[in-house]
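Novice: Got a structure for you, questions after.
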There are 2 protein chains.
Amino acid sequence: MRAIQIVTTRLSSCLRPIRFEFVSSSSSPRLISNPRRLICTAAATKSDGGRSGSIVAPLVENEEEVQKIDVNPPKGTRDFAPDDMRLRNWLFNHFKEVSRLFGYEEVDYPVLETEALFIRKAGEEIRDQLYCFEDRGNRRVALRPELTPSLARLVIQKGKSVSLPLKWFAIGQCWRYERMTRGRRREHYQWNMDIIGVPHVTAEAELISAIVSFFKRIGITASDVGFKVSSRKVLQEMLRKYGVPENLFGRVCIIIDKIEKIPIDEIKKELESTGISEDAIEQLLQVLSVKSLDDLEDVLGGAGEAIADLKQLFSLAEKFGYSEWIQFDASVVRGLAYYTGIVFEGFDRKGNLRAICGGGRYDRLLPTYGGDDIPACGFGFGDAVIVELLKEKNLLPELGQEVENIVCALEKDLQGAAATVATALRSKGQTVDLVLESKPLKWVFKRAARINARRLILVGKTEWEDGSVSVKVLSSGEQFQVKLNDLE
Amino acid sequence: MRAIQIVTTRLSSCLRPIRFEFVSSSSSPRLISNPRRLICTAAATKSDGGRSGSIVAPLVENEEEVQKIDVNPPKGTRDFAPDDMRLRNWLFNHFKEVSRLFGYEEVDYPVLETEALFIRKAGEEIRDQLYCFEDRGNRRVALRPELTPSLARLVIQKGKSVSLPLKWFAIGQCWRYERMTRGRRREHYQWNMDIIGVPHVTAEAELISAIVSFFKRIGITASDVGFKVSSRKVLQEMLRKYGVPENLFGRVCIIIDKIEKIPIDEIKKELESTGISEDAIEQLLQVLSVKSLDDLEDVLGGAGEAIADLKQLFSLAEKFGYSEWIQFDASVVRGLAYYTGIVFEGFDRKGNLRAICGGGRYDRLLPTYGGDDIPACGFGFGDAVIVELLKEKNLLPELGQEVENIVCALEKDLQGAAATVATALRSKGQTVDLVLESKPLKWVFKRAARINARRLILVGKTEWEDGSVSVKVLSSGEQFQVKLNDLE
């Protein structure tokens with residue numbers, strides 16, 4: 001009964017608008033879509049009958065019938081008009097440049113993955129936020145909500161053909177069907193850096209170093225942003241101490257990750273529902289409030305891996321030069337089921353924003369998918385929160401269009417000549433906006449100003465007969481004639 | 001009846017695996033998913049019960065249960081491992097660089113758009129190849145099969161806030177659920193350049209010039225590739241001549257575009273089904289075989305817009321310097337409904353491959369969506385066929401990983417020191433692969449060779465005590481010690 005109930009819930013959330021009506025007396029009911037859909041489909045019958053490769057096609061009544069479309073992108077998604085795109089490129093170029101400086105290779109995966117890749121067994125939010133559907137070949141697919149599972153899949157696929165360690169980075173769009181709140185969209189781009197095949201904390205230390213490098217490049221300092229660092233081994237050791245079964249580990253982490261989002265009583269209830277004793281829960285919550293390694297050592301004792309890893313990380317942070325950026329905080333566990341060791345998240349020190357980035361060690365992910373037992377760690381860094389932070393700090397760059405030359409014919413007859421001039425300049429590596437219509441000079445100057453052109457190149461009859469053009473340097477107003485061949 | 005039939009067809013192609021069973025005696029039947037899906041969903045009940053934000057969560061029986069996943073990306077999609085990604089970046093950088101030289105601004109749109117945006121009334125293949133589904137908010141959405149409708153949407157949205165003409169480019173992933181044949185995938189990236197607001201052929205002429213520039217940059221010549229050019233106005237004038245209603249125009253174009261794909265008799269049948277007379281069809285097909293502008297002028301007379309536009313285009317081609325690349329071919333109409341004027345496609349002269357790129361004028365697209373009557377033209381250039389061509393011509397670049405330095409500690413204790421060295425070099429703009437484990441020197445040399453490192457920097461105890469490191473230039477074997485501060 002329970003399974004059925006859930007099937008209904010899940011299907012209904014995907015397919016809610018389908019109703020069923022008995023049109024004939026046959027025992028199989030017929031599907032009638034909701035009215036909205038019926039309109040849409042009915043309209044289609046006019047043109048192509050909805051059939052692929054049909055030979056006999058019905059008449060089109062009115063080809064040019066206007067359908068006023070919604071000019072906005074689907075809710076929760078974005079267009080990138082030129083201004084937005086310049087900012088996106090600026091940000092992504094910093095992601096790429098940092099990754100390059102650290103010697104990481106770029107990779108990418110399909111936006112559309114098999115749904116099964118993302119369905120883990122630890123009650124993550126991600127599961128309920130999948131954009132999933134069935135494709136025309138009856139495959140369950142999903143728009144990726146994150147990049148790490150695809151990375152694991154590709155590493156397993158490559159098998160022995162690649163030499164470890166791998167250091168990979170990716171910048172990919174990810175999708176989550178979330179409730180829309182301030183600054184939350186349903187898609188975002190995520191910069192990931194991952195190290196596959198290194199079991200030591202040196203790997204996590206390098207990843208944090210890369211993020212710090214990125215922050216520094218864009219003007220963010222250690223007084224703006226910090227990293228909270230912990231290890232899932234802290235929780236693991238606590239659970240072991242109280243005899244809680246190992247397999248509850250992922251589930252417990254997911255619950256604890258919500259600690260700042262939902263009331264503590266609900267956290268407790270959720271933990272109780274996993275079967276952990278009240279006493280253990282109290283101790284667990286106590287440990288989570290610990291903010292120094294020394295205090296943690298008092299609770300756990302000095303021998304465990306958690307303490308050793310964390311100590312090493314803090315020692316390496318000093319060598320990498322980012323000590324002032326990181327602090328221990330036992331409450332950090334991250335919301336993904338697969339982390340096993342060090343976990344960290346970047347936060348704004350004013351506390352206004354969600355986590356800026358997050359990552360950690362996920363040594364068990366590859367074997368979970370049936371791959372070899374290869375250690376791994378990585379981080380994800382979204383493109384949304386960082387832009388909010390840059391806005392707040394007034395650090396967003398001013399990025400205008402930049403075209404070196406605007407080329408314009410002074411008469412309609414000379415548009416071909418202007419094309420020749422534009423081609424010559426472009427072949428020399430100069431960027432050229434070619435005016436494709438006959439426009440008054442006033443219009444041309446306005447456009448030149450808008451695109452921040454450095455020079456205006458006018459093609460006039462007399463000069464062109466001589467193979468020359470007029471060049472006006474727009475910053476100085478300086479004007480001269482030059483043979484096309486000499487124009488650099 | 002007809003409408004109902006088609007609704008069923010369309011729904012079944014989206015939702016085939018859903019069966020209906022009467023579980024209770026109520027009049028509304030219950031949905032049971034197909035077995036595959038049921039398994040998948042049943043598994044889920046173990047963990048999170050399929051509910052969002054649930055507080056009481058069921059027990060996880062075995063967290064680490066191995067689910068051997070399919071390591072391949074979904075059929076018709078691709079991973080980009082580092083090698084593939086380097087090629088993609090090489091190609092995209094040429095797209096971007098050409099667009100920049102021509103003064104075009106980069107834009108992008110959501111991969112997921114409202115389905116209605118792509119549903120036109122002229123029986124295009126694209127319609128039956130949509131990756132479409134209903135999202136969790138009951139919106140009909142589709143993975144974009146092309147970029148132009150999104151561009152039109154964004155231009156309408158921007159309205160008077162942008163100054164015309166707009167010259168925009170985009171490189172975006174597009175999705176079509178096609179039958180898989182040699183080299184055909186279900187997703188590809190498409191480079192688009194578009195000019196919004198210019199009614200003259202100068203615009204189309206510039207677009208073709210941009211593609212020619214691209215070809216030249218990557219080593220493709222006019223003997224490898226050509227452009228077939230025509231105008232949809234040729235067909236329009238023919239249809240007018242035979243009294244065929246204007247609204248059949250788009251539909252006729254779509255049928256004619258299939259001329260090289262399906263037998264001529266089927267083309268005729270399809271044309272007949274639109275209501276065009278047999279005589280008109282014969283004349284139409286005759287005109288389509290015309291391969292010179294002079295012959296076309298004989299058929300259409302010299303007065304029409306079609307001839308005037310084409311003549312101007314060929315004249316401009318000369319001025320832009322790409323005459324040898326283009327030829328008139330009346331059979332080119334392109335497969336999208338929205339073209340209205342000049343159409344063109346790039347083809348390999350050996351005739352082995354599908355069209356490399358294609359485009360044209362689409363003056364009526366914006367008003368069709370309810371926007372102002374703004375003229376526009378553009379092209380799409382996929383990332384698949386061009387790579388096939390480059391392979392065939394042996395023009396694919398060799399692109400290896402390139403890291404300037406590999407930094408390695410000679411003892412475990414010195415890994416922190418190596419981190420300091422790596423950080424110093426990176427802050428100077430040097431790319432560094434930092435060895436994160438204790439490895440034998442032989443291993444380090446092997447890795448250095450694989451990543452094409454220029455220098456190996458070894459951090460040893462004695463040198464480091466002095467603040468120095470050993471530098472080995474790998475090409476020459478030259479080796480020296482240098483203070484960290486002096487290392488450039």
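Ordering of the structure tokens sets the chain letters (A, B, ...), residue numbers begin anew at 1 in every chain, and ligands are numbered from 1 in the order given.
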If you run DSSP on this backbone, which residues of range 57-176 of chain A come out as strand (DSSP E or B), and could you give them as a ChimeraX atom specification?
Specialist: /A:80,105-106,108,112-114,131-134,140-143,166-175
Novice: Find the residues around Arg86 in chain A up to 9 Å (only C-alpha atoms counted), leave out those fewer than 6 positions away in its own chain, and share them as a list in words.
Specialist: Phe80, Leu399, Gly400 and Gln401 of chain A; Glu105, Glu106 and Val107 of chain B
Novice: Select, from B:Asp279, B:Asp363, B:Asp466, B:Glu318, the residue with the minimum atom-to-atom distance to chain A, counting only C-alpha atoms.
Specialist: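 Going through B:Asp279, B:Asp363, B:Asp466, B:Glu318 one by one, the smallest distance to chain A is for B:Glu318.
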Novice: With only C-alpha atoms counted and 10 Å as the cut-off, give the residues of range 299-380 of chain B in contact with range 234-249 of chain B, each with its shortest interatomic distance in Å and the pair that gives it, as a tab-separated table.
Specialist:
residue	atom	partner	partner_atom	distance
B:Val299	CA	B:Met238	CA	9.4
B:Leu300	CA	B:Glu237	CA	7.6
B:Gly304	CA	B:Glu237	CA	7.8
B:Glu305	CA	B:Val234	CA	8.5
B:Ala306	CA	B:Val234	CA	5.5
B:Ile307	CA	B:Val234	CA	7.9
B:Leu310	CA	B:Val234	CA	9.9
B:Ala330	CA	B:Val234	CA	7.7
B:Ser331	CA	B:Leu235	CA	9.8
B:Val333	CA	B:Leu235	CA	8.7
B:Ala337	CA	B:Phe249	CA	8.7
B:Tyr338	CA	B:Phe249	CA	10.0
B:Thr340	CA	B:Gln236	CA	8.8
B:Gly341	CA	B:Val234	CA	8.6
B:Ile342	CA	B:Val234	CA	9.4
Novice: Counting only C-alpha atoms, what is within 7 Å of range 91-102 of chain A, bar same-chain residues fewer than 2 positions away, as a list in words?
Specialist: Leu87, Arg88, Asn89, Tyr104, Phe169, Trp191, Ala210, Ser213 and Phe214 of chain A; Arg426, Gly429, Gln430, Thr431, Val432 and Asp433 of chain B
Novice: Would you mind exporting the chosen residues as a tab-separated table (two decimals), in the first residue's frame, restricted to all heavy atoms?
Specialist:
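Output contents, as saved in part.tsv:
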chain	number	residue	atom	x	y	z
A	87	LEU	N	29.21	39.52	-17.67
A	87	LEU	CA	29.48	39.21	-16.27
A	87	LEU	C	29.74	37.71	-16.10
A	87	LEU	O	30.67	37.30	-15.42
A	87	LEU	CB	28.30	39.65	-15.38
A	87	LEU	CG	28.50	39.37	-13.89
A	87	LEU	CD1	29.71	40.11	-13.34
A	87	LEU	CD2	27.24	39.74	-13.09
A	88	ARG	N	28.90	36.91	-16.75
A	88	ARG	CA	29.09	35.45	-16.68
A	88	ARG	C	30.46	35.06	-17.22
A	88	ARG	O	31.16	34.27	-16.60
A	88	ARG	CB	27.97	34.76	-17.49
A	88	ARG	CG	28.19	33.29	-17.71
A	88	ARG	CD	26.98	32.64	-18.35
A	88	ARG	NE	27.35	31.67	-19.37
A	88	ARG	CZ	26.48	30.99	-20.13
A	88	ARG	NH1	25.18	31.16	-19.97
A	88	ARG	NH2	26.89	30.13	-21.03
A	89	ASN	N	30.86	35.63	-18.35
A	89	ASN	CA	32.16	35.30	-18.92
A	89	ASN	C	33.30	35.75	-18.00
A	89	ASN	O	34.31	35.05	-17.85
A	89	ASN	CB	32.33	35.94	-20.30
A	89	ASN	CG	31.65	35.13	-21.38
A	89	ASN	OD1	31.46	33.92	-21.25
A	89	ASN	ND2	31.26	35.78	-22.47
A	104	TYR	N	44.62	21.88	-13.46
A	104	TYR	CA	43.46	20.99	-13.62
A	104	TYR	C	42.98	20.99	-15.06
A	104	TYR	O	43.05	22.01	-15.75
A	104	TYR	CB	42.31	21.46	-12.69
A	104	TYR	CG	42.57	21.12	-11.23
A	104	TYR	CD1	43.74	21.56	-10.60
A	104	TYR	CD2	41.67	20.36	-10.49
A	104	TYR	CE1	43.99	21.25	-9.28
A	104	TYR	CE2	41.93	20.05	-9.15
A	104	TYR	CZ	43.09	20.51	-8.56
A	104	TYR	OH	43.35	20.19	-7.25
A	169	PHE	N	38.42	19.90	-13.66
A	169	PHE	CA	37.44	20.93	-13.30
A	169	PHE	C	36.36	21.01	-14.37
A	169	PHE	O	36.55	20.56	-15.50
A	169	PHE	CB	38.11	22.29	-13.08
A	169	PHE	CG	38.38	23.09	-14.34
A	169	PHE	CD1	37.49	24.09	-14.75
A	169	PHE	CD2	39.52	22.87	-15.10
A	169	PHE	CE1	37.74	24.85	-15.89
A	169	PHE	CE2	39.77	23.62	-16.25
A	169	PHE	CZ	38.88	24.61	-16.65
A	191	TRP	N	30.90	25.74	-10.67
A	191	TRP	CA	32.32	25.44	-10.92
A	191	TRP	C	32.72	24.32	-9.97
A	191	TRP	O	32.52	24.43	-8.76
A	191	TRP	CB	33.14	26.70	-10.64
A	191	TRP	CG	34.62	26.53	-10.62
A	191	TRP	CD1	35.38	25.73	-11.43
A	191	TRP	CD2	35.54	27.19	-9.74
A	191	TRP	NE1	36.72	25.88	-11.12
A	191	TRP	CE2	36.84	26.76	-10.08
A	191	TRP	CE3	35.40	28.12	-8.70
A	191	TRP	CZ2	37.99	27.23	-9.42
A	191	TRP	CZ3	36.54	28.58	-8.04
A	191	TRP	CH2	37.82	28.14	-8.40
A	210	ALA	N	42.71	26.74	-3.99
A	210	ALA	CA	42.21	27.21	-5.30
A	210	ALA	C	41.07	28.21	-5.10
A	210	ALA	O	41.02	29.25	-5.76
A	210	ALA	CB	41.76	26.02	-6.14
A	213	SER	N	42.43	31.47	-3.94
A	213	SER	CA	43.03	32.19	-5.08
A	213	SER	C	41.96	32.90	-5.89
A	213	SER	O	42.14	34.04	-6.32
A	213	SER	CB	43.75	31.23	-6.03
A	213	SER	OG	44.81	30.60	-5.38
A	214	PHE	N	40.85	32.19	-6.10
A	214	PHE	CA	39.75	32.78	-6.86
A	214	PHE	C	39.23	34.03	-6.15
A	214	PHE	O	39.07	35.09	-6.75
A	214	PHE	CB	38.62	31.76	-7.05
A	214	PHE	CG	37.37	32.38	-7.60
A	214	PHE	CD1	37.26	32.68	-8.94
A	214	PHE	CD2	36.31	32.70	-6.76
A	214	PHE	CE1	36.11	33.28	-9.45
A	214	PHE	CE2	35.16	33.30	-7.24
A	214	PHE	CZ	35.06	33.59	-8.59
B	426	ARG	N	52.15	30.09	-8.51
B	426	ARG	CA	50.81	30.40	-9.02
B	426	ARG	C	50.49	31.88	-8.88
B	426	ARG	O	49.86	32.47	-9.76
B	426	ARG	CB	49.76	29.55	-8.27
B	426	ARG	CG	49.79	28.07	-8.67
B	426	ARG	CD	49.04	27.20	-7.67
B	426	ARG	NE	49.03	25.79	-8.06
B	426	ARG	CZ	48.76	24.78	-7.24
B	426	ARG	NH1	48.48	25.03	-5.96
B	426	ARG	NH2	48.76	23.53	-7.68
B	429	GLY	N	51.50	33.77	-11.68
B	429	GLY	CA	50.87	33.45	-12.96
B	429	GLY	C	51.38	32.18	-13.61
B	429	GLY	O	51.04	31.87	-14.75
B	430	GLN	N	52.23	31.42	-12.89
B	430	GLN	CA	52.73	30.16	-13.42
B	430	GLN	C	51.74	29.03	-13.11
B	430	GLN	O	51.23	28.95	-11.99
B	430	GLN	CB	54.07	29.81	-12.75
B	430	GLN	CG	55.21	30.71	-13.13
B	430	GLN	CD	55.97	30.20	-14.33
B	430	GLN	OE1	56.16	28.99	-14.49
B	430	GLN	NE2	56.38	31.11	-15.21
B	431	THR	N	51.50	28.16	-14.10
B	431	THR	CA	50.65	27.01	-13.84
B	431	THR	C	51.48	25.92	-13.16
B	431	THR	O	52.63	25.67	-13.53
B	431	THR	CB	50.05	26.46	-15.14
B	431	THR	OG1	51.10	26.09	-16.02
B	431	THR	CG2	49.20	27.51	-15.83
B	432	VAL	N	50.90	25.30	-12.16
B	432	VAL	CA	51.62	24.32	-11.33
B	432	VAL	C	50.78	23.10	-11.05
B	432	VAL	O	49.65	23.21	-10.55
B	432	VAL	CB	52.01	24.94	-9.96
B	432	VAL	CG1	52.66	23.88	-9.07
B	432	VAL	CG2	52.90	26.14	-10.13
B	433	ASP	N	51.31	21.94	-11.37
B	433	ASP	CA	50.74	20.70	-10.87
B	433	ASP	C	51.52	20.32	-9.63
B	433	ASP	O	52.72	20.03	-9.69
B	433	ASP	CB	50.86	19.60	-11.94
B	433	ASP	CG	50.33	18.27	-11.46
B	433	ASP	OD1	49.26	18.25	-10.82
B	433	ASP	OD2	50.99	17.23	-11.69
Novice: Name all residues at most 7 Å from Leu456 in chain A (count only C-alpha atoms; drop same-chain ones fewer than 2 positions away) and give them as a compact mmCIF listing (two decimals) with C-alpha atoms, in the first residue's frame.
Specialist:
# COMPACT_ATOMS: atom_id res chain seq x y z
CA ASN A 405 36.65 49.99 -35.11
CA ILE A 406 33.36 51.06 -36.54
CA VAL A 407 33.45 51.13 -40.35
CA LEU A 458 34.72 56.41 -42.97
CA VAL A 471 40.26 57.45 -39.75
CA LYS A 472 38.96 59.33 -36.74
CA VAL A 473 40.42 58.45 -33.34
CA LEU A 474 37.41 58.91 -31.13
Novice: Could you tell me how far CA of Lys158 in chain A lies from CA of Lys446 in chain B, in Å and to one decimal?
Specialist: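 These two atoms are separated by 19.5 Å.
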Novice: With only C-alpha atoms as the basis for distance, which of A:Lys160, A:Lys291, A:Arg364, A:Arg185 is at the shortest distance from chain B?
Specialist: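 Using only C-alpha atoms, the shortest distance to chain B belongs to A:Arg364.
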Novice: Between CA of Val435 in chain A and CA of Val155 in chain B, what distance in Å does the model show, to one decimal?
Specialist: 19.8 Å
Novice: Give the answer as one residue: which of B:Leu296, B:Ile281, B:Leu425, B:Ile220 has the shortest atom-to-atom distance to chain A, using only C-alpha atoms?
Specialist: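 Ranking B:Leu296, B:Ile281, B:Leu425, B:Ile220 by distance to chain A, first place goes to B:Leu425.
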Novice: Compare B:Thr368, B:Gln190, B:Thr148, B:Asn72 by their minimum atom-to-atom distance to Leu117 in chain A, counting only C-alpha atoms, and give me the closest one.
Specialist: B:Asn72
